[in-house]
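A.B. asks: This structure is in structure tokens; I'll ask about it shortly.
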Amino acid sequence: MARLVVISNRVAVPKTGSRAGGLEVAVLAALKRNPGMWFGWSGRVASKEIETRTIEADKVSYVLTDLPREDYNEYYNGFANRVLWPILHYRLDLAEFTRRNLSGYMRVTSISPAS
């Protein structure tokens, strides 16, 4: 049987009351039909050591990674929420691009700048 693999900005952690937004409804419906793995940010900001853990629930593996404060500020709050979210929701008027937040995005997603 094939397994569905989902990678997203944030994961809806089961049984914590945490919500990942509108994406959650579609992803959970797809994972209900095709059990698999959902990778992404846990919603936690790491104080010292970054922790990656797996939670198993309803035939789905939730692979969760914490973010250090700098990555949370530049990648999640910065680039993901101030650039990607507005652009992908047709709200170009809300997009706020900065090189610092782009650097955070590139660092977290392991994209190397072109030489």
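Simple scheme: letters A, B, ... for chains in structure tokens order, numbers from 1 for residues in each chain, numbers from 1 for ligands in the order shown.
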Distance table requested - region 16-74 of chain A against region 78-96 of chain A, cut-off 9 Å, only C-alpha atoms: one row per qualifying residue with the closest atom pair and its distance in Å to one decimal, ordered by chain and rising residue number, as a Markdown table.
C.D. replies:
| residue | atom | partner | partner_atom | distance |
| --- | --- | --- | --- | --- |
| A:Asp71 | CA | A:Gly78 | CA | 8.9 |
| A:Tyr72 | CA | A:Gly78 | CA | 7.9 |
| A:Asn73 | CA | A:Gly78 | CA | 5.8 |
| A:Glu74 | CA | A:Gly78 | CA | 4.5 |
A.B. asks: Hey, can you check how far CA of Ala57 (chain A) sits from CA of Tyr105 (chain A)?
C.D. replies: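 Computing the Euclidean distance for CA of Ala57 (chain A) and CA of Tyr105 (chain A) yields 29.4 Å.
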A.B. asks: What does the distance between CA of Tyr76 (chain A) and CA of Arg33 (chain A) come to in Å, to one decimal place?
C.D. replies: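 We find that CA of Tyr76 (chain A) and CA of Arg33 (chain A) lie 29.2 Å from each other.
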A.B. asks: Which parts of chain A does DSSP call helix (DSSP H, G or I) when run on the backbone here, written out as number ranges by chain?
C.D. replies: A: 23-33, 69-88, 92-94, 99-108
